[in-house]
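Okay, final_26.txt is below, compact mmCIF, C-alpha atoms:
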```
# COMPACT_ATOMS: atom_id res chain seq x y z
CA MET Q 142 38.67 -18.45 5.35
CA ARG Q 143 40.87 -15.76 6.83
CA ILE Q 144 40.28 -12.10 6.13
CA ASN Q 145 42.67 -9.35 7.13
CA THR Q 146 40.35 -6.46 7.90
CA THR Q 147 41.25 -2.88 8.75
CA ARG Q 148 38.47 -2.49 11.31
CA PHE Q 149 38.37 -5.87 13.01
CA GLY Q 150 41.86 -7.21 12.52
CA ARG Q 151 42.32 -10.72 11.23
CA ILE Q 152 39.13 -12.76 11.29
CA ASP Q 153 38.25 -16.30 10.37
CA VAL Q 154 34.95 -17.03 8.71
CA ASP Q 155 33.39 -20.26 7.58
CA ALA Q 156 32.97 -20.26 3.80
CA ALA Q 157 29.44 -21.55 4.31
CA ASP Q 158 28.55 -18.38 6.23
CA LEU Q 159 29.51 -16.03 3.44
CA LEU Q 160 27.00 -14.07 1.41
CA THR Q 161 27.26 -13.71 -2.35
CA PHE Q 162 26.14 -10.48 -3.97
CA PRO Q 163 26.09 -11.30 -7.70
CA SER Q 164 26.06 -7.62 -8.64
CA GLY Q 165 28.14 -6.38 -5.73
CA LEU Q 166 26.83 -3.03 -4.50
CA PRO Q 167 26.53 0.23 -6.47
CA GLY Q 168 29.95 1.83 -6.10
CA LEU Q 169 31.42 -1.52 -4.96
CA GLU Q 170 30.52 -3.65 -7.93
CA HIS Q 171 33.60 -5.85 -7.61
CA CYS Q 172 32.90 -6.77 -3.99
CA ARG Q 173 30.82 -9.88 -4.55
CA GLU Q 174 31.46 -11.83 -1.39
CA TRP Q 175 30.73 -10.63 2.12
CA ALA Q 176 30.82 -11.87 5.69
CA LEU Q 177 28.06 -10.61 7.98
CA LEU Q 178 29.58 -9.91 11.37
CA ALA Q 179 27.93 -8.93 14.63
CA ASP Q 180 29.25 -5.77 16.23
CA ALA Q 181 30.95 -6.64 19.51
CA ASP Q 182 29.43 -3.71 21.43
CA ASN Q 183 26.04 -3.22 19.85
CA ASP Q 184 23.56 -5.98 19.16
CA ALA Q 185 21.53 -3.74 16.85
CA LEU Q 186 24.45 -3.43 14.47
CA GLY Q 187 25.99 -5.75 11.92
CA TRP Q 188 28.91 -5.28 9.59
CA LEU Q 189 29.11 -6.55 6.04
CA GLN Q 190 32.81 -7.17 5.58
CA SER Q 191 34.11 -7.62 2.06
CA THR Q 192 36.24 -10.76 1.76
CA ALA Q 193 38.17 -9.34 -1.19
CA ARG Q 194 38.96 -5.96 0.34
CA GLY Q 195 39.91 -5.78 3.99
CA ASP Q 196 39.29 -2.05 4.10
CA VAL Q 197 35.71 -2.30 2.86
CA ALA Q 198 32.98 -2.87 5.44
CA ILE Q 199 29.45 -1.52 5.63
CA ALA Q 200 27.46 -1.06 8.82
CA VAL Q 201 23.92 -2.41 8.59
CA VAL Q 202 20.95 -2.44 10.94
CA SER Q 203 17.52 -3.94 11.07
CA PRO Q 204 15.53 -0.87 10.06
CA ARG Q 205 12.51 -1.22 12.33
CA ARG Q 206 14.61 -1.00 15.45
CA PHE Q 207 15.30 2.61 14.51
CA VAL Q 208 12.34 3.47 12.29
CA PRO Q 209 9.41 1.50 13.74
CA HIS Q 210 6.96 2.30 10.98
CA TYR Q 211 9.36 1.62 8.13
CA GLN Q 212 7.58 -0.16 5.32
CA VAL Q 213 8.92 -0.94 1.90
CA ARG Q 214 7.41 -1.84 -1.37
CA ILE Q 215 9.97 -3.62 -3.47
CA PRO Q 216 9.17 -4.27 -7.12
CA ARG Q 217 9.17 -7.94 -8.00
CA SER Q 218 11.82 -7.28 -10.65
CA GLU Q 219 14.16 -6.32 -7.79
CA LEU Q 220 13.52 -9.59 -5.95
CA THR Q 221 13.69 -11.99 -8.90
CA PRO Q 222 17.48 -11.88 -9.24
CA LEU Q 223 17.63 -13.29 -5.71
CA ARG Q 224 15.10 -15.97 -6.59
CA LEU Q 225 12.78 -14.57 -3.99
CA HIS Q 226 9.07 -14.60 -4.64
CA ASP Q 227 8.10 -12.96 -1.43
CA ILE Q 228 9.90 -10.29 0.58
CA ARG Q 229 8.96 -12.20 3.73
CA GLN Q 230 11.43 -14.94 2.80
CA ALA Q 231 14.17 -12.39 3.02
CA GLN Q 232 16.23 -10.61 5.62
CA LEU Q 233 16.11 -6.87 5.07
CA VAL Q 234 18.74 -4.52 6.44
CA VAL Q 235 19.60 -0.92 5.74
CA ILE Q 236 22.99 0.69 5.41
CA VAL Q 237 24.24 3.13 8.02
CA GLY Q 238 25.81 6.25 6.54
CA LYS Q 239 26.83 9.60 7.84
CA ASN Q 240 26.54 13.25 6.97
CA ALA Q 241 27.61 16.48 8.65
CA THR Q 242 24.88 16.13 11.28
CA GLY Q 243 25.45 12.52 12.23
CA LEU Q 244 24.48 8.98 11.34
CA THR Q 245 21.93 8.25 8.65
CA LEU Q 246 20.04 5.25 7.31
CA ASN Q 247 19.52 4.54 3.63
CA LEU Q 248 15.80 3.69 3.66
CA LYS Q 249 15.45 4.07 -0.09
CA ALA Q 250 17.91 1.37 -1.06
CA PRO Q 251 17.84 -1.44 1.49
CA ILE Q 252 19.81 -4.66 1.24
CA VAL Q 253 17.82 -7.81 0.75
CA ILE Q 254 19.35 -11.12 1.75
CA ASN Q 255 18.09 -14.55 0.72
CA LEU Q 256 19.13 -16.46 3.82
CA GLU Q 257 18.55 -19.89 2.33
CA GLU Q 258 20.70 -19.33 -0.71
CA ARG Q 259 23.15 -16.97 1.04
CA THR Q 260 22.74 -14.33 -1.65
CA GLY Q 261 21.99 -10.64 -1.45
CA ARG Q 262 21.67 -7.40 -3.35
CA GLN Q 263 20.83 -3.78 -2.78
CA VAL Q 264 17.38 -2.93 -4.11
CA VAL Q 265 15.57 0.31 -4.80
CA ALA Q 266 12.29 0.52 -2.91
CA SER Q 267 9.28 2.23 -4.48
CA GLY Q 268 8.06 5.54 -3.22
CA ASP Q 269 9.51 8.60 -1.70
CA LEU Q 270 11.96 7.31 0.90
CA PRO Q 271 15.10 9.07 2.08
CA MET Q 272 18.53 7.82 1.14
CA ALA Q 273 19.93 9.50 4.23
CA HIS Q 274 17.33 9.35 7.00
CA GLN Q 275 18.84 11.28 9.89
CA LEU Q 276 19.15 9.33 13.12
CA ASP Q 277 18.46 11.42 16.18
CA PRO Q 278 21.45 11.27 18.48
CA ASN Q 279 19.27 12.38 21.40
CA PRO Q 280 16.11 10.26 21.40
CA THR Q 281 15.56 11.05 25.08
CA ALA Q 282 14.34 14.49 24.00
CA LEU Q 283 11.02 12.80 23.13
CA LYS Q 284 10.43 11.80 26.74
CA LYS Q 285 10.21 15.42 27.85
CA SER Q 286 6.90 15.95 26.13
CA ALA Q 287 4.95 13.71 28.56
CA MET M 32 27.71 8.26 -27.01
CA LEU M 33 25.80 6.44 -29.74
CA VAL M 34 22.73 8.49 -30.75
CA LEU M 35 19.85 6.80 -32.53
CA SER M 36 16.44 8.13 -33.47
CA ARG M 37 13.49 5.93 -32.67
CA GLN M 38 9.75 6.35 -32.95
CA ARG M 39 7.09 4.99 -30.65
CA ASP M 40 7.09 1.16 -30.48
CA GLU M 41 10.55 0.91 -31.98
CA SER M 42 13.38 -0.73 -30.08
CA ILE M 43 17.09 -0.81 -29.54
CA MET M 44 19.15 -3.89 -28.69
CA ILE M 45 22.09 -3.59 -26.35
CA GLY M 46 24.34 -6.64 -26.47
CA ASP M 47 22.35 -9.77 -27.13
CA SER M 48 20.08 -9.66 -24.12
CA ILE M 49 18.91 -6.11 -23.48
CA VAL M 50 16.07 -4.51 -25.40
CA VAL M 51 14.95 -0.91 -24.90
CA THR M 52 11.58 0.00 -26.40
CA ILE M 53 9.96 3.41 -26.79
CA VAL M 54 6.60 2.74 -25.15
CA ASP M 55 5.18 6.24 -25.31
CA ILE M 56 6.17 9.79 -26.19
CA ARG M 57 4.22 12.63 -24.63
CA GLY M 58 5.52 16.16 -24.81
CA ASP M 59 9.07 16.12 -23.47
CA LYS M 60 8.67 12.85 -21.60
CA VAL M 61 9.54 9.48 -23.06
CA ARG M 62 8.38 6.23 -21.51
CA LEU M 63 10.93 3.46 -22.00
CA GLY M 64 10.40 -0.25 -21.60
CA ILE M 65 13.48 -2.27 -20.71
CA ASN M 66 13.83 -5.99 -21.17
CA ALA M 67 16.98 -7.24 -19.49
CA PRO M 68 18.15 -10.39 -17.71
CA ALA M 69 17.18 -10.39 -14.05
CA GLU M 70 20.77 -10.17 -12.89
CA ILE M 71 21.32 -6.85 -14.64
CA PRO M 72 19.95 -4.04 -12.47
CA VAL M 73 18.22 -1.23 -14.32
CA HIS M 74 17.84 2.16 -12.67
CA ARG M 75 17.35 5.82 -13.40
CA GLN M 76 20.89 7.13 -13.59
CA GLU M 77 20.51 9.80 -10.93
CA VAL M 78 19.12 7.24 -8.48
CA TYR M 79 21.97 4.81 -9.15
CA GLU M 80 24.56 7.55 -8.72
CA ALA M 81 22.99 8.72 -5.49
CA ILE M 82 23.10 5.15 -4.13
CA GLN M 83 26.75 4.89 -5.20
CA ARG M 84 27.62 8.07 -3.32
CA GLU M 85 25.76 6.92 -0.22
CA ASN M 86 27.45 3.51 -0.30
CA LEU M 87 30.89 5.02 -0.60
CA ARG M 88 30.11 7.37 2.25
CA ALA M 89 28.91 4.43 4.34
CA ALA M 90 32.04 2.43 3.47
CA SER M 91 34.15 5.09 5.16
CA LEU M 92 32.42 4.55 8.53
CA ASP M 93 34.52 3.33 11.39
CA PRO M 94 33.10 1.29 14.30
CA ALA M 95 33.95 4.14 16.70
CA GLU M 96 31.50 6.36 14.82
CA THR M 97 28.65 3.91 15.35
CA GLN M 98 28.83 3.93 19.15
CA SER M 99 25.85 6.27 19.43
CA LEU M 100 23.59 3.72 17.71
CA GLY M 101 23.21 1.86 20.97
CA GLY M 102 21.18 4.67 22.50
CA MET M 103 19.01 5.26 19.48
CA THR M 104 16.98 2.07 19.33
CA ALA M 105 13.30 2.95 19.24
CA ARG M 106 11.36 1.92 22.32
CA ARG M 107 8.97 -0.85 21.46
CA GLY M 108 6.11 -2.40 23.40
CA GLY M 109 6.48 -6.03 22.41
CA SER M 110 9.49 -8.10 21.59
CA GLU M 111 10.88 -7.93 18.12
CA GLN M 112 12.37 -10.80 16.22
CA PRO M 113 16.08 -10.04 16.21
CA SER M 114 17.69 -9.67 12.84
CA SER M 115 19.98 -12.58 12.17
CA LYS M 116 23.66 -11.88 12.41
CA GLN M 117 26.59 -14.19 12.10
CA GLN M 118 29.53 -14.36 14.38
CA PRO M 119 32.65 -15.24 12.46
CA ARG M 120 33.53 -18.81 13.29
```

When written as structure tokens, how does the structure in this file appear?
Amino acid sequence: MRINTTRFGRIDVDAADLLTFPSGLPGLEHCREWALLADADNDALGWLQSTARGDVAIAVVSPRRFVPHYQVRIPRSELTPLRLHDIRQAQLVVIVGKNATGLTLNLKAPIVINLEERTGRQVVASGDLPMAHQLDPNPTALKKSA
Amino acid sequence: MLVLSRQRDESIMIGDSIVVTIVDIRGDKVRLGINAPAEIPVHRQEVYEAIQRENLRAASLDPAETQSLGGMTARRGGSEQPSSKQQPR
């Protein structure tokens, strides 16, 4: 399938590689089909590209590469629509956002992907987690405390 | 907005598959039970709206703005299973 994207130009994806989000995403409810692309420059980063809208793409990362102690409790009712019984069967990524200070991660509402069935949805994790966890643009500052 | 009065243990049906039940009333707080098909997400409105805003903000990100992510990866002792990503074929 060919997608004309605003960020990546024209791309070809195998229909079998696409992910179906039965409920879309909050705010993007009509975007039900996505291609998960690797970022060319950064292996920590993926892009969910909407197949229906070339201008819609969401940056996602594996959360523990940036927040090592990140743990989520996801209510079973949030996993059932994906036919997942166990979060360990799933791929979990979080959305990269931005605010005035810089890049942020939505730790409160991660995206859960059922790799076997190629389905996904955004879920709301239990507990007090930030929707815009600030990423430190200067992590080397930590090294100075040695 | 349709406004109905309900007492504890009474219910409201929305469509033919959603049932909202008053589970408890205590002071100014009402506990609601919601029975809905699994594919219909149910959330506190303010949480849903906050997620919407965050998603729309995220959808405006350009790859150039994510360059700094490369330097932010937390240092880890062991090797981590890489998250699966697909190259477009």

Please provide as JSON, numbers by chain all residues within 9 Å of region 172-187 of chain Q, with the sequence filter that same-chain residues fewer than 2 positions apart are discarded (counting all atoms listed in the file).
-> {"Q": [154, 155, 156, 158, 159, 160, 161, 162, 163, 164, 165, 166, 169, 170, 189, 190, 191, 192, 193, 194, 197, 198, 199, 200, 201, 202, 203, 206], "M": [94, 97, 98, 100, 101, 104, 113, 114, 116, 117, 118, 119]}

Within 9 Å of Pro271 (chain Q), counting only C-alpha atoms, which residues qualify if same-chain residues fewer than 2 places away don't, as a PyMOL selection string?
-> chain Q and resi 246-250+269+273-275

Counting only C-alpha atoms, note down every residue that has an atom within 7 Å of the point (12.4, 1.0, -31.1) (file coordinates), as a ChimeraX atom specification.
-> /M:37-43,51-53

So how many Å separate CA of Ile215 (chain Q) and CA of Ala266 (chain Q), to one decimal?
-> 4.8 Å

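Taking CA of Glu85 (chain M) and CA of Gly168 (chain Q) as endpoints, the distance between them is 8.8 Å.
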
Model the absent atoms of region 61-91 of chain M so that N, CA and C atoms are present, and write the result as a PDB file, in the frame of the given file.
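Once everything was written out, this is out.pdb:
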```
ATOM      1  N   VAL M  61       9.524  10.739 -22.317  1.00  0.00           N
ATOM      2  CA  VAL M  61       9.540   9.480 -23.060  1.00  0.00           C
ATOM      3  C   VAL M  61       9.398   8.332 -22.071  1.00  0.00           C
ATOM      4  N   ARG M  62       8.490   7.422 -22.347  1.00  0.00           N
ATOM      5  CA  ARG M  62       8.380   6.230 -21.510  1.00  0.00           C
ATOM      6  C   ARG M  62       9.141   5.100 -22.185  1.00  0.00           C
ATOM      7  N   LEU M  63      10.091   4.528 -21.465  1.00  0.00           N
ATOM      8  CA  LEU M  63      10.930   3.460 -22.000  1.00  0.00           C
ATOM      9  C   LEU M  63      10.596   2.147 -21.348  1.00  0.00           C
ATOM     10  N   GLY M  64      10.537   1.098 -22.147  1.00  0.00           N
ATOM     11  CA  GLY M  64      10.400  -0.250 -21.600  1.00  0.00           C
ATOM     12  C   GLY M  64      11.732  -0.951 -21.745  1.00  0.00           C
ATOM     13  N   ILE M  65      12.173  -1.605 -20.663  1.00  0.00           N
ATOM     14  CA  ILE M  65      13.480  -2.270 -20.710  1.00  0.00           C
ATOM     15  C   ILE M  65      13.312  -3.756 -20.436  1.00  0.00           C
ATOM     16  N   ASN M  66      13.787  -4.552 -21.363  1.00  0.00           N
ATOM     17  CA  ASN M  66      13.830  -5.990 -21.170  1.00  0.00           C
ATOM     18  C   ASN M  66      15.282  -6.387 -20.978  1.00  0.00           C
ATOM     19  N   ALA M  67      15.585  -6.870 -19.775  1.00  0.00           N
ATOM     20  CA  ALA M  67      16.980  -7.240 -19.490  1.00  0.00           C
ATOM     21  C   ALA M  67      16.991  -8.474 -18.604  1.00  0.00           C
ATOM     22  N   PRO M  68      18.063  -9.240 -18.628  1.00  0.00           N
ATOM     23  CA  PRO M  68      18.150 -10.390 -17.710  1.00  0.00           C
ATOM     24  C   PRO M  68      18.034  -9.919 -16.268  1.00  0.00           C
ATOM     25  N   ALA M  69      17.462 -10.767 -15.433  1.00  0.00           N
ATOM     26  CA  ALA M  69      17.180 -10.390 -14.050  1.00  0.00           C
ATOM     27  C   ALA M  69      18.423  -9.948 -13.290  1.00  0.00           C
ATOM     28  N   GLU M  70      19.576 -10.496 -13.667  1.00  0.00           N
ATOM     29  CA  GLU M  70      20.770 -10.170 -12.890  1.00  0.00           C
ATOM     30  C   GLU M  70      21.373  -8.820 -13.247  1.00  0.00           C
ATOM     31  N   ILE M  71      20.846  -8.180 -14.275  1.00  0.00           N
ATOM     32  CA  ILE M  71      21.320  -6.850 -14.640  1.00  0.00           C
ATOM     33  C   ILE M  71      20.379  -5.814 -14.052  1.00  0.00           C
ATOM     34  N   PRO M  72      20.844  -5.047 -13.062  1.00  0.00           N
ATOM     35  CA  PRO M  72      19.950  -4.040 -12.470  1.00  0.00           C
ATOM     36  C   PRO M  72      19.735  -2.893 -13.449  1.00  0.00           C
ATOM     37  N   VAL M  73      18.552  -2.347 -13.447  1.00  0.00           N
ATOM     38  CA  VAL M  73      18.220  -1.230 -14.320  1.00  0.00           C
ATOM     39  C   VAL M  73      17.664  -0.105 -13.450  1.00  0.00           C
ATOM     40  N   HIS M  74      18.280   1.047 -13.522  1.00  0.00           N
ATOM     41  CA  HIS M  74      17.840   2.160 -12.670  1.00  0.00           C
ATOM     42  C   HIS M  74      17.952   3.485 -13.401  1.00  0.00           C
ATOM     43  N   ARG M  75      17.137   4.446 -12.972  1.00  0.00           N
ATOM     44  CA  ARG M  75      17.350   5.820 -13.400  1.00  0.00           C
ATOM     45  C   ARG M  75      18.755   6.221 -12.978  1.00  0.00           C
ATOM     46  N   GLN M  76      19.471   6.867 -13.861  1.00  0.00           N
ATOM     47  CA  GLN M  76      20.890   7.130 -13.590  1.00  0.00           C
ATOM     48  C   GLN M  76      21.102   7.923 -12.309  1.00  0.00           C
ATOM     49  N   GLU M  77      20.264   8.944 -12.105  1.00  0.00           N
ATOM     50  CA  GLU M  77      20.510   9.800 -10.930  1.00  0.00           C
ATOM     51  C   GLU M  77      20.274   9.030  -9.630  1.00  0.00           C
ATOM     52  N   VAL M  78      19.355   8.058  -9.672  1.00  0.00           N
ATOM     53  CA  VAL M  78      19.120   7.240  -8.480  1.00  0.00           C
ATOM     54  C   VAL M  78      20.322   6.333  -8.222  1.00  0.00           C
ATOM     55  N   TYR M  79      20.806   5.695  -9.291  1.00  0.00           N
ATOM     56  CA  TYR M  79      21.970   4.810  -9.150  1.00  0.00           C
ATOM     57  C   TYR M  79      23.173   5.562  -8.611  1.00  0.00           C
ATOM     58  N   GLU M  80      23.402   6.763  -9.165  1.00  0.00           N
ATOM     59  CA  GLU M  80      24.560   7.550  -8.720  1.00  0.00           C
ATOM     60  C   GLU M  80      24.419   7.991  -7.278  1.00  0.00           C
ATOM     61  N   ALA M  81      23.196   8.318  -6.880  1.00  0.00           N
ATOM     62  CA  ALA M  81      22.990   8.720  -5.490  1.00  0.00           C
ATOM     63  C   ALA M  81      23.260   7.537  -4.546  1.00  0.00           C
ATOM     64  N   ILE M  82      22.846   6.343  -4.953  1.00  0.00           N
ATOM     65  CA  ILE M  82      23.100   5.150  -4.130  1.00  0.00           C
ATOM     66  C   ILE M  82      24.608   4.889  -4.053  1.00  0.00           C
ATOM     67  N   GLN M  83      25.289   5.062  -5.174  1.00  0.00           N
ATOM     68  CA  GLN M  83      26.750   4.890  -5.200  1.00  0.00           C
ATOM     69  C   GLN M  83      27.413   5.805  -4.187  1.00  0.00           C
ATOM     70  N   ARG M  84      27.012   7.084  -4.222  1.00  0.00           N
ATOM     71  CA  ARG M  84      27.620   8.070  -3.320  1.00  0.00           C
ATOM     72  C   ARG M  84      27.351   7.687  -1.871  1.00  0.00           C
ATOM     73  N   GLU M  85      26.117   7.302  -1.581  1.00  0.00           N
ATOM     74  CA  GLU M  85      25.760   6.920  -0.220  1.00  0.00           C
ATOM     75  C   GLU M  85      26.549   5.700   0.233  1.00  0.00           C
ATOM     76  N   ASN M  86      26.705   4.716  -0.664  1.00  0.00           N
ATOM     77  CA  ASN M  86      27.450   3.510  -0.300  1.00  0.00           C
ATOM     78  C   ASN M  86      28.902   3.836  -0.009  1.00  0.00           C
ATOM     79  N   LEU M  87      29.489   4.696  -0.816  1.00  0.00           N
ATOM     80  CA  LEU M  87      30.890   5.020  -0.600  1.00  0.00           C
ATOM     81  C   LEU M  87      31.068   5.816   0.696  1.00  0.00           C
ATOM     82  N   ARG M  88      30.079   6.647   0.994  1.00  0.00           N
ATOM     83  CA  ARG M  88      30.110   7.370   2.250  1.00  0.00           C
ATOM     84  C   ARG M  88      30.001   6.378   3.421  1.00  0.00           C
ATOM     85  N   ALA M  89      29.104   5.429   3.284  1.00  0.00           N
ATOM     86  CA  ALA M  89      28.910   4.430   4.340  1.00  0.00           C
ATOM     87  C   ALA M  89      30.158   3.580   4.514  1.00  0.00           C
ATOM     88  N   ALA M  90      30.855   3.304   3.398  1.00  0.00           N
ATOM     89  CA  ALA M  90      32.040   2.430   3.470  1.00  0.00           C
ATOM     90  C   ALA M  90      33.194   3.108   4.177  1.00  0.00           C
ATOM     91  N   SER M  91      33.073   4.394   4.451  1.00  0.00           N
ATOM     92  CA  SER M  91      34.150   5.090   5.160  1.00  0.00           C
ATOM     93  C   SER M  91      33.885   5.121   6.672  1.00  0.00           C
TER      94      SER M  91
END
```
